[in-house]
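One structure below.
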Amino acid sequence: MLYTPCESESSSNGNAQRTGLIRYHYQGIEELFDEYADTFEEHLTKGLRYKTPELMKAQIDLALATETLAGTGIKDGDGDERSSSHRWKRCLDLGCGSGLAGDVYRSEVAYLEGCDISKEMVKICKKKE
């Protein structure tokens with residue numbers, strides 16, 4: 001499992017003012033989520049009753065069960081037949097936050113990678129490894 005901070009890229013079109021504005025907003029978002037990191041997960045799961053990763057997984061499980069994929073030679077994203085206990089070889093969690101989706105999908109994938117704009121959120125994810 002790998003969690004990394006997402007880095008902003010500067011504009012290559014030579015528009016310094018636009019690039020500066022993008023960096024300013026990016027920095028503001030990064031700081032907001034860095035400050036929010038310690039209470040983010042509790043606020044989402046308890047205060048807002050956030051269950052999106054669990055609901056998504058339930059729908060995927062249902063879709064796969066109704067298609068009766070077991071033993072049908074269904075291939076994974078690389079064209080290889082599935083042979084391991086993992087449903088997928090790799091998963092990329094963009095905007096992973098504190099790793100709530102990773103908690104749900106970790107047992108389903110052989111390799112999970114997440115990235116987030118907030119270095120503090122990434123630190124929380126790394127503690128879960």
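Lettering and numbering for the structure tokens are positional, with chains as A, B, ... in the shown order, residues counted from 1 in each chain, and ligands counted from 1 in the shown order.
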**OP:** Give me the residues within 10 Å of range 98-102 of chain A as an MDAnalysis selection string, counting only C-alpha atoms and dropping any in the same chain fewer than 6 places off.
**Re:** chainID A and resid 1 3 37:41 44:45 50:54 56:57 91:92 108:109 112:116 118 120:129
**OP:** Quote the spacing between CA of Leu62 in chain A and CA of Gly97 in chain A in Å to one decimal place.
**Re:** 26.1 Å
